[in-house]
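Structure data follow from coords-v2.pdb (PDB, C-alpha atoms, pLDDT in the B column):
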```
ATOM      1  CA  MET Q   1     -64.112 -74.156  57.222  1.00 48.00           C
ATOM      2  CA  THR Q   2     -64.856 -75.465  53.960  1.00 54.00           C
ATOM      3  CA  ASP Q   3     -62.847 -75.265  50.830  1.00 57.00           C
ATOM      4  CA  LYS Q   4     -65.532 -74.083  48.543  1.00 59.00           C
ATOM      5  CA  PRO Q   5     -64.712 -71.818  45.698  1.00 58.00           C
ATOM      6  CA  PRO Q   6     -66.270 -68.421  46.067  1.00 57.00           C
ATOM      7  CA  SER Q   7     -69.370 -67.821  44.139  1.00 59.00           C
ATOM      8  CA  PRO Q   8     -69.260 -65.395  41.258  1.00 54.00           C
ATOM      9  CA  SER Q   9     -71.774 -63.156  42.898  1.00 58.00           C
ATOM     10  CA  ALA Q  10     -69.604 -62.775  46.020  1.00 60.00           C
ATOM     11  CA  VAL Q  11     -66.603 -61.166  44.118  1.00 61.00           C
ATOM     12  CA  PRO Q  12     -67.069 -57.403  43.630  1.00 60.00           C
ATOM     13  CA  PRO Q  13     -66.714 -56.001  40.120  1.00 62.00           C
ATOM     14  CA  PRO Q  14     -63.194 -54.728  39.231  1.00 61.00           C
ATOM     15  CA  SER Q  15     -64.168 -51.035  39.033  1.00 61.00           C
ATOM     16  CA  LEU Q  16     -65.501 -51.112  42.590  1.00 62.00           C
ATOM     17  CA  SER Q  17     -62.397 -52.754  43.928  1.00 64.00           C
ATOM     18  CA  LEU Q  18     -60.191 -50.173  42.144  1.00 63.00           C
ATOM     19  CA  LYS Q  19     -62.264 -47.336  43.509  1.00 66.00           C
ATOM     20  CA  SER Q  20     -61.983 -48.597  47.015  1.00 66.00           C
ATOM     21  CA  PHE Q  21     -58.212 -49.059  46.505  1.00 65.00           C
ATOM     22  CA  HIS Q  22     -57.876 -45.405  45.438  1.00 62.00           C
ATOM     23  CA  ASP Q  23     -59.955 -44.261  48.333  1.00 68.00           C
ATOM     24  CA  GLN Q  24     -57.929 -46.334  50.726  1.00 66.00           C
ATOM     25  CA  TYR Q  25     -54.509 -45.145  49.633  1.00 65.00           C
ATOM     26  CA  LYS Q  26     -55.525 -41.761  48.164  1.00 62.00           C
ATOM     27  CA  PHE Q  27     -53.250 -41.870  45.152  1.00 52.00           C
ATOM     28  CA  VAL Q  28     -55.588 -39.676  43.229  1.00 49.00           C
ATOM     29  CA  GLN Q  29     -56.273 -36.391  44.912  1.00 55.00           C
ATOM     30  CA  LYS Q  30     -58.666 -33.969  43.452  1.00 59.00           C
ATOM     31  CA  ASN Q  31     -57.682 -30.350  43.882  1.00 60.00           C
ATOM     32  CA  LYS Q  32     -60.955 -28.653  44.312  1.00 60.00           C
ATOM     33  CA  LYS Q  33     -61.125 -25.011  45.193  1.00 59.00           C
ATOM     34  CA  PRO Q  34     -64.207 -23.443  46.439  1.00 59.00           C
ATOM     35  CA  ASN Q  35     -65.928 -21.254  43.906  1.00 63.00           C
ATOM     36  CA  ASN Q  36     -65.844 -18.249  46.176  1.00 65.00           C
ATOM     37  CA  ALA Q  37     -61.984 -18.289  46.608  1.00 61.00           C
ATOM     38  CA  PRO Q  38     -60.290 -15.024  45.543  1.00 69.00           C
ATOM     39  CA  ARG Q  39     -58.488 -15.249  42.205  1.00 73.00           C
ATOM     40  CA  ARG Q  40     -55.006 -13.855  41.754  1.00 74.00           C
ATOM     41  CA  PRO Q  41     -54.474 -11.681  38.732  1.00 75.00           C
ATOM     42  CA  PRO Q  42     -52.308 -13.345  36.097  1.00 76.00           C
ATOM     43  CA  ILE Q  43     -48.581 -12.537  36.316  1.00 78.00           C
ATOM     44  CA  GLN Q  44     -47.603 -10.130  33.567  1.00 78.00           C
ATOM     45  CA  GLN Q  45     -44.346 -10.750  31.768  1.00 79.00           C
ATOM     46  CA  PRO Q  46     -41.937  -7.765  32.002  1.00 74.00           C
ATOM     47  CA  SER Q  47     -41.366  -5.867  28.783  1.00 83.00           C
ATOM     48  CA  ASN Q  48     -38.103  -6.266  26.905  1.00 84.00           C
ATOM     49  CA  PHE Q  49     -36.936  -2.795  27.914  1.00 86.00           C
ATOM     50  CA  HIS Q  50     -37.442  -3.487  31.622  1.00 85.00           C
ATOM     51  CA  LEU Q  51     -35.700  -6.823  31.276  1.00 85.00           C
ATOM     52  CA  PHE Q  52     -32.748  -5.131  29.585  1.00 86.00           C
ATOM     53  CA  VAL Q  53     -32.540  -2.424  32.256  1.00 88.00           C
ATOM     54  CA  LYS Q  54     -32.687  -4.959  35.096  1.00 88.00           C
ATOM     55  CA  ALA Q  55     -30.403  -7.642  33.687  1.00 86.00           C
ATOM     56  CA  GLY Q  56     -28.668  -6.628  30.469  1.00 89.00           C
ATOM     57  CA  LEU Q  57     -27.467  -3.132  31.312  1.00 91.00           C
ATOM     58  CA  PRO Q  58     -25.643  -4.100  34.528  1.00 92.00           C
ATOM     59  CA  PHE Q  59     -24.060  -7.033  32.708  1.00 92.00           C
ATOM     60  CA  LEU Q  60     -22.822  -4.787  29.884  1.00 93.00           C
ATOM     61  CA  LEU Q  61     -21.501  -2.164  32.297  1.00 94.00           C
ATOM     62  CA  PHE Q  62     -19.680  -4.819  34.308  1.00 95.00           C
ATOM     63  CA  SER Q  63     -18.135  -6.371  31.165  1.00 95.00           C
ATOM     64  CA  VAL Q  64     -16.967  -3.067  29.697  1.00 95.00           C
ATOM     65  CA  GLY Q  65     -15.629  -1.835  33.043  1.00 96.00           C
ATOM     66  CA  ALA Q  66     -13.765  -5.076  33.661  1.00 96.00           C
ATOM     67  CA  SER Q  67     -12.155  -4.974  30.224  1.00 96.00           C
ATOM     68  CA  LEU Q  68     -11.012  -1.373  30.752  1.00 95.00           C
ATOM     69  CA  VAL Q  69      -9.562  -2.166  34.170  1.00 94.00           C
ATOM     70  CA  LEU Q  70      -7.738  -5.232  32.845  1.00 95.00           C
ATOM     71  CA  LYS Q  71      -6.405  -3.312  29.849  1.00 95.00           C
ATOM     72  CA  SER Q  72      -4.948  -0.541  31.996  1.00 93.00           C
ATOM     73  CA  ALA Q  73      -3.486  -3.054  34.453  1.00 93.00           C
ATOM     74  CA  VAL Q  74      -1.766  -5.042  31.696  1.00 93.00           C
ATOM     75  CA  GLU Q  75      -0.416  -1.873  30.046  1.00 92.00           C
ATOM     76  CA  GLY Q  76       0.997  -0.680  33.356  1.00 90.00           C
ATOM     77  CA  LYS Q  77       2.594  -4.054  33.962  1.00 90.00           C
ATOM     78  CA  ASN Q  78       4.187  -4.045  30.489  1.00 87.00           C
ATOM     79  CA  ILE Q  79       5.513  -0.509  30.922  1.00 84.00           C
ATOM     80  CA  GLU Q  80       7.087  -1.385  34.272  1.00 87.00           C
ATOM     81  CA  ARG Q  81       8.626  -4.555  32.837  1.00 86.00           C
ATOM     82  CA  ASP Q  82      10.080  -2.637  29.888  1.00 80.00           C
ATOM     83  CA  LYS Q  83      11.542   0.027  32.178  1.00 80.00           C
ATOM     84  CA  SER Q  84      13.124  -2.554  34.458  1.00 82.00           C
ATOM     85  CA  SER Q  85      14.640  -4.490  31.538  1.00 81.00           C
ATOM     86  CA  GLY Q  86      15.849  -1.324  29.805  1.00 75.00           C
ATOM     87  CA  LEU Q  87      13.555  -1.529  26.787  1.00 73.00           C
ATOM     88  CA  VAL Q  88      12.249   1.679  25.249  1.00 70.00           C
ATOM     89  CA  SER Q  89       8.896   2.169  23.585  1.00 73.00           C
ATOM     90  CA  LYS Q  90       8.741   2.652  19.839  1.00 78.00           C
ATOM     91  CA  SER Q  91       7.825   6.314  20.057  1.00 84.00           C
ATOM     92  CA  GLU Q  92      10.743   7.104  22.408  1.00 84.00           C
ATOM     93  CA  ARG Q  93      13.142   5.129  20.229  1.00 85.00           C
ATOM     94  CA  ARG Q  94      11.844   6.908  17.139  1.00 90.00           C
ATOM     95  CA  ALA Q  95      12.325  10.306  18.780  1.00 90.00           C
ATOM     96  CA  ARG Q  96      15.895   9.411  19.777  1.00 91.00           C
ATOM     97  CA  LEU Q  97      16.703   8.188  16.250  1.00 93.00           C
ATOM     98  CA  ASP Q  98      15.293  11.380  14.730  1.00 93.00           C
ATOM     99  CA  GLU Q  99      17.412  13.457  17.104  1.00 94.00           C
ATOM    100  CA  GLU Q 100      20.566  11.500  16.207  1.00 95.00           C
ATOM    101  CA  LYS Q 101      19.773  11.874  12.504  1.00 95.00           C
ATOM    102  CA  ASP Q 102      19.435  15.641  12.899  1.00 94.00           C
ATOM    103  CA  GLU Q 103      22.780  15.834  14.735  1.00 94.00           C
ATOM    104  CA  MET Q 104      24.531  13.789  12.054  1.00 93.00           C
ATOM    105  CA  MET Q 105      23.024  15.910   9.286  1.00 93.00           C
ATOM    106  CA  GLU Q 106      24.280  19.065  11.019  1.00 92.00           C
ATOM    107  CA  LYS Q 107      27.797  17.613  11.243  1.00 90.00           C
ATOM    108  CA  LEU Q 108      27.732  16.609   7.583  1.00 86.00           C
ATOM    109  CA  ASN Q 109      26.466  20.017   6.514  1.00 86.00           C
ATOM    110  CA  LYS Q 110      29.213  21.742   8.508  1.00 85.00           C
ATOM    111  CA  ARG Q 111      31.855  19.492   6.916  1.00 79.00           C
ATOM    112  CA  ILE Q 112      30.499  20.077   3.433  1.00 77.00           C
ATOM    113  CA  GLU Q 113      30.552  23.820   4.019  1.00 77.00           C
ATOM    114  CA  THR Q 114      34.155  23.782   5.266  1.00 77.00           C
ATOM    115  CA  VAL Q 115      35.564  21.327   2.686  1.00 74.00           C
ATOM    116  CA  ALA Q 116      35.398  22.173  -0.974  1.00 74.00           C
ATOM    117  CA  PHE Q 117      33.230  19.358  -2.219  1.00 67.00           C
ATOM    118  CA  ASP Q 118      33.080  18.827  -5.966  1.00 71.00           C
ATOM    119  CA  ASN Q 119      30.187  16.571  -6.846  1.00 73.00           C
ATOM    120  CA  THR Q 120      31.120  16.550 -10.542  1.00 78.00           C
ATOM    121  CA  LYS Q 121      34.551  14.972 -10.027  1.00 77.00           C
ATOM    122  CA  ARG Q 122      34.995  11.781 -12.033  1.00 82.00           C
ATOM    123  CA  ILE Q 123      35.603   8.514 -10.197  1.00 86.00           C
ATOM    124  CA  GLU Q 124      38.737   6.630 -11.217  1.00 87.00           C
ATOM    125  CA  ARG Q 125      38.274   3.379 -13.050  1.00 91.00           C
ATOM    126  CA  PRO Q 126      39.968   0.264 -11.668  1.00 92.00           C
ATOM    127  CA  GLU Q 127      42.327   0.099 -14.651  1.00 93.00           C
ATOM    128  CA  GLU Q 128      43.408   3.665 -14.012  1.00 92.00           C
ATOM    129  CA  ILE Q 129      44.018   2.917 -10.336  1.00 91.00           C
ATOM    130  CA  LEU Q 130      46.179  -0.093 -11.195  1.00 93.00           C
ATOM    131  CA  GLU Q 131      48.125   1.921 -13.739  1.00 92.00           C
ATOM    132  CA  ARG Q 132      48.698   4.756 -11.241  1.00 91.00           C
ATOM    133  CA  ARG Q 133      49.923   2.308  -8.562  1.00 90.00           C
ATOM    134  CA  LYS Q 134      52.265   0.611 -11.031  1.00 88.00           C
ATOM    135  CA  GLN Q 135      53.702   3.974 -11.939  1.00 88.00           C
ATOM    136  CA  GLU Q 136      54.185   4.885  -8.251  1.00 87.00           C
ATOM    137  CA  ARG Q 137      56.021   1.589  -7.650  1.00 82.00           C
ATOM    138  CA  GLU Q 138      58.311   2.196 -10.576  1.00 81.00           C
ATOM    139  CA  GLU Q 139      59.105   5.670  -9.244  1.00 81.00           C
ATOM    140  CA  GLU Q 140      59.892   4.157  -5.831  1.00 77.00           C
ATOM    141  CA  ILE Q 141      62.150   1.564  -7.427  1.00 71.00           C
ATOM    142  CA  ASP Q 142      63.919   4.226  -9.448  1.00 72.00           C
ATOM    143  CA  GLY Q 143      64.404   6.217  -6.257  1.00 70.00           C
ATOM    144  CA  ILE Q 144      65.894   3.161  -4.497  1.00 61.00           C
ATOM    145  CA  SER Q 145      68.160   2.200  -7.414  1.00 56.00           C
ATOM    146  CA  GLY Q 146      69.778   5.640  -7.321  1.00 57.00           C
ATOM    147  CA  ALA Q 147      70.805   5.031  -3.717  1.00 53.00           C
ATOM    148  CA  GLY Q 148      73.988   3.206  -4.827  1.00 52.00           C
ATOM    149  CA  ASP Q 149      73.298  -0.284  -3.542  1.00 53.00           C
ATOM    150  CA  GLY Q 150      75.083  -1.881  -6.514  1.00 54.00           C
ATOM    151  CA  LEU Q 151      72.044  -3.657  -8.048  1.00 50.00           C
ATOM    152  CA  GLN Q 152      71.303  -3.582 -11.763  1.00 56.00           C
ATOM    153  CA  ASP Q 153      68.128  -2.128 -13.317  1.00 61.00           C
ATOM    154  CA  SER Q 154      66.747  -5.465 -14.482  1.00 68.00           C
ATOM    155  CA  PRO Q 155      63.101  -6.324 -13.604  1.00 67.00           C
ATOM    156  CA  ASN Q 156      64.224  -8.932 -11.079  1.00 69.00           C
ATOM    157  CA  ASP Q 157      66.527  -6.430  -9.435  1.00 74.00           C
ATOM    158  CA  ARG Q 158      63.649  -3.946  -9.180  1.00 72.00           C
ATOM    159  CA  TRP Q 159      61.548  -6.408  -7.241  1.00 75.00           C
ATOM    160  CA  LEU Q 160      64.508  -7.199  -5.050  1.00 76.00           C
ATOM    161  CA  LYS Q 161      64.870  -3.516  -4.291  1.00 74.00           C
ATOM    162  CA  VAL Q 162      61.162  -3.297  -3.386  1.00 75.00           C
ATOM    163  CA  LEU Q 163      61.570  -6.229  -1.008  1.00 77.00           C
ATOM    164  CA  ILE Q 164      64.611  -4.630   0.611  1.00 76.00           C
ATOM    165  CA  ARG Q 165      62.723  -1.367   1.052  1.00 72.00           C
ATOM    166  CA  ARG Q 166      59.720  -3.115   2.636  1.00 72.00           C
ATOM    167  CA  ARG Q 167      62.018  -5.028   4.975  1.00 68.00           C
ATOM    168  CA  LYS Q 168      63.584  -1.778   6.101  1.00 66.00           C
ATOM    169  CA  MET Q 169      60.080  -0.428   6.806  1.00 62.00           C
ATOM    170  CA  LEU Q 170      59.245  -3.400   8.992  1.00 60.00           C
ATOM    171  CA  PHE Q 171      62.377  -3.102  11.140  1.00 52.00           C
TER
END
```
For this file, produce the structure as structure tokens.
Amino acid sequence: MTDKPPSPSAVPPPSLSLKSFHDQYKFVQKNKKPNNAPRRPPIQQPSNFHLFVKAGLPFLLFSVGASLVLKSAVEGKNIERDKSSGLVSKSERRARLDEEKDEMMEKLNKRIETVAFDNTKRIERPEEILERRKQEREEEIDGISGAGDGLQDSPNDRWLKVLIRRRKMLF
């Protein structure tokens, strides 16, 4: 065995060595069909209408149906909760309030018919009310002073008489 370098003519060209490598490990596979093999017809894409009927329509029906079912279930739950807690819906409350209003109006109309109601009567002014009350007090004091309790008719004695009268009312 000699250690001679290989001669340049003994080394195969690179393309031949690559070809034999591919053949050996078969990395590259050619997909050859025979010319007489039957051909499949090309797959036709479904039209938009057929796609909608097969996929879109069931999806829409399911979504709408689910929303209706959930809506009715939630409404029923709310109604039951309101009944158990004693709450009344707005329409029922409104009907009850209208009924109460009608009853009160009937009572008022009956009272107005039975009592002589003068809508043109003048309202007393505060000064007139104070004057009337002062006059009533003076009449009360005059009535007490005539009772013979021995007090004079001075302004201080009048107030003293009013106090005595009020004390008698309390006891």
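Coordinates place atom CA of Arg158 of chain Q at a distance of 10.6 Å from atom CA of Glu139 of chain Q.
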Q. Could you state the separation of atom CA of Glu140 of chain Q and atom CA of Arg122 of chain Q in Å, given to one decimal place?
A. 26.8 Å
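Of the residues listed (Q:Glu113, Q:Ile141, Q:Arg133, Q:Pro126), Q:Ile141 shows the shortest atom-to-atom separation from Leu160 of chain Q; distances use only C-alpha atoms.
Picture a line from atom CA of Ile79 of chain Q to atom CA of Ala95 of chain Q; it runs 17.6 Å.
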Rebuild N, CA, C and O atoms on segment 99-119 of chain Q, as a PDB file, in the coordinates of the input?
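Below you can see rebuild_22.pdb, which holds the result:
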```pdb
ATOM      1  N   GLU Q  99      16.469  12.487  16.535  1.00 94.00           N
ATOM      2  CA  GLU Q  99      17.412  13.457  17.104  1.00 94.00           C
ATOM      3  C   GLU Q  99      18.838  13.155  16.639  1.00 94.00           C
ATOM      4  O   GLU Q  99      19.590  14.062  16.241  1.00 94.00           O
ATOM      5  N   GLU Q 100      19.232  11.882  16.663  1.00 95.00           N
ATOM      6  CA  GLU Q 100      20.566  11.500  16.207  1.00 95.00           C
ATOM      7  C   GLU Q 100      20.748  11.807  14.721  1.00 95.00           C
ATOM      8  O   GLU Q 100      21.820  12.263  14.300  1.00 95.00           O
ATOM      9  N   LYS Q 101      19.693  11.582  13.934  1.00 95.00           N
ATOM     10  CA  LYS Q 101      19.773  11.874  12.504  1.00 95.00           C
ATOM     11  C   LYS Q 101      19.992  13.366  12.281  1.00 95.00           C
ATOM     12  O   LYS Q 101      20.811  13.764  11.443  1.00 95.00           O
ATOM     13  N   ASP Q 102      19.261  14.187  13.041  1.00 94.00           N
ATOM     14  CA  ASP Q 102      19.435  15.641  12.899  1.00 94.00           C
ATOM     15  C   ASP Q 102      20.853  16.069  13.261  1.00 94.00           C
ATOM     16  O   ASP Q 102      21.458  16.901  12.564  1.00 94.00           O
ATOM     17  N   GLU Q 103      21.406  15.504  14.336  1.00 94.00           N
ATOM     18  CA  GLU Q 103      22.780  15.834  14.735  1.00 94.00           C
ATOM     19  C   GLU Q 103      23.784  15.436  13.652  1.00 94.00           C
ATOM     20  O   GLU Q 103      24.703  16.194  13.322  1.00 94.00           O
ATOM     21  N   MET Q 104      23.611  14.242  13.102  1.00 93.00           N
ATOM     22  CA  MET Q 104      24.531  13.789  12.054  1.00 93.00           C
ATOM     23  C   MET Q 104      24.409  14.656  10.804  1.00 93.00           C
ATOM     24  O   MET Q 104      25.421  14.972  10.161  1.00 93.00           O
ATOM     25  N   MET Q 105      23.202  15.052  10.456  1.00 93.00           N
ATOM     26  CA  MET Q 105      23.024  15.910   9.286  1.00 93.00           C
ATOM     27  C   MET Q 105      23.685  17.267   9.504  1.00 93.00           C
ATOM     28  O   MET Q 105      24.285  17.827   8.576  1.00 93.00           O
ATOM     29  N   GLU Q 106      23.598  17.800  10.720  1.00 92.00           N
ATOM     30  CA  GLU Q 106      24.280  19.065  11.019  1.00 92.00           C
ATOM     31  C   GLU Q 106      25.788  18.919  10.858  1.00 92.00           C
ATOM     32  O   GLU Q 106      26.445  19.783  10.268  1.00 92.00           O
ATOM     33  N   LYS Q 107      26.354  17.838  11.373  1.00 90.00           N
ATOM     34  CA  LYS Q 107      27.797  17.613  11.243  1.00 90.00           C
ATOM     35  C   LYS Q 107      28.199  17.506   9.774  1.00 90.00           C
ATOM     36  O   LYS Q 107      29.216  18.080   9.345  1.00 90.00           O
ATOM     37  N   LEU Q 108      27.417  16.752   9.001  1.00 86.00           N
ATOM     38  CA  LEU Q 108      27.732  16.609   7.583  1.00 86.00           C
ATOM     39  C   LEU Q 108      27.632  17.945   6.852  1.00 86.00           C
ATOM     40  O   LEU Q 108      28.472  18.265   6.007  1.00 86.00           O
ATOM     41  N   ASN Q 109      26.616  18.715   7.173  1.00 86.00           N
ATOM     42  CA  ASN Q 109      26.466  20.017   6.514  1.00 86.00           C
ATOM     43  C   ASN Q 109      27.622  20.946   6.852  1.00 86.00           C
ATOM     44  O   ASN Q 109      28.110  21.670   5.989  1.00 86.00           O
ATOM     45  N   LYS Q 110      28.069  20.920   8.126  1.00 85.00           N
ATOM     46  CA  LYS Q 110      29.213  21.742   8.508  1.00 85.00           C
ATOM     47  C   LYS Q 110      30.462  21.308   7.748  1.00 85.00           C
ATOM     48  O   LYS Q 110      31.240  22.129   7.276  1.00 85.00           O
ATOM     49  N   ARG Q 111      30.673  19.997   7.617  1.00 79.00           N
ATOM     50  CA  ARG Q 111      31.855  19.492   6.916  1.00 79.00           C
ATOM     51  C   ARG Q 111      31.804  19.851   5.440  1.00 79.00           C
ATOM     52  O   ARG Q 111      32.801  20.236   4.847  1.00 79.00           O
ATOM     53  N   ILE Q 112      30.637  19.745   4.847  1.00 77.00           N
ATOM     54  CA  ILE Q 112      30.499  20.077   3.433  1.00 77.00           C
ATOM     55  C   ILE Q 112      30.766  21.562   3.210  1.00 77.00           C
ATOM     56  O   ILE Q 112      31.381  21.954   2.208  1.00 77.00           O
ATOM     57  N   GLU Q 113      30.317  22.384   4.156  1.00 77.00           N
ATOM     58  CA  GLU Q 113      30.552  23.820   4.019  1.00 77.00           C
ATOM     59  C   GLU Q 113      32.031  24.163   4.149  1.00 77.00           C
ATOM     60  O   GLU Q 113      32.537  25.055   3.470  1.00 77.00           O
ATOM     61  N   THR Q 114      32.738  23.472   5.041  1.00 77.00           N
ATOM     62  CA  THR Q 114      34.155  23.782   5.266  1.00 77.00           C
ATOM     63  C   THR Q 114      35.056  23.176   4.199  1.00 77.00           C
ATOM     64  O   THR Q 114      36.078  23.754   3.850  1.00 77.00           O
ATOM     65  N   VAL Q 115      34.734  21.998   3.679  1.00 74.00           N
ATOM     66  CA  VAL Q 115      35.564  21.327   2.686  1.00 74.00           C
ATOM     67  C   VAL Q 115      34.975  21.608   1.308  1.00 74.00           C
ATOM     68  O   VAL Q 115      33.769  21.501   1.095  1.00 74.00           O
ATOM     69  N   ALA Q 116      35.856  21.947   0.391  1.00 74.00           N
ATOM     70  CA  ALA Q 116      35.398  22.173  -0.974  1.00 74.00           C
ATOM     71  C   ALA Q 116      35.005  20.827  -1.564  1.00 74.00           C
ATOM     72  O   ALA Q 116      35.865  19.979  -1.830  1.00 74.00           O
ATOM     73  N   PHE Q 117      33.748  20.636  -1.748  1.00 67.00           N
ATOM     74  CA  PHE Q 117      33.230  19.358  -2.219  1.00 67.00           C
ATOM     75  C   PHE Q 117      32.773  19.527  -3.652  1.00 67.00           C
ATOM     76  O   PHE Q 117      31.893  20.335  -3.951  1.00 67.00           O
ATOM     77  N   ASP Q 118      33.436  18.762  -4.551  1.00 71.00           N
ATOM     78  CA  ASP Q 118      33.080  18.827  -5.966  1.00 71.00           C
ATOM     79  C   ASP Q 118      32.315  17.564  -6.313  1.00 71.00           C
ATOM     80  O   ASP Q 118      32.887  16.469  -6.364  1.00 71.00           O
ATOM     81  N   ASN Q 119      31.042  17.717  -6.559  1.00 73.00           N
ATOM     82  CA  ASN Q 119      30.187  16.571  -6.846  1.00 73.00           C
ATOM     83  C   ASN Q 119      30.339  16.103  -8.287  1.00 73.00           C
ATOM     84  O   ASN Q 119      29.909  15.016  -8.637  1.00 73.00           O
TER      85      ASN Q 119
END
```
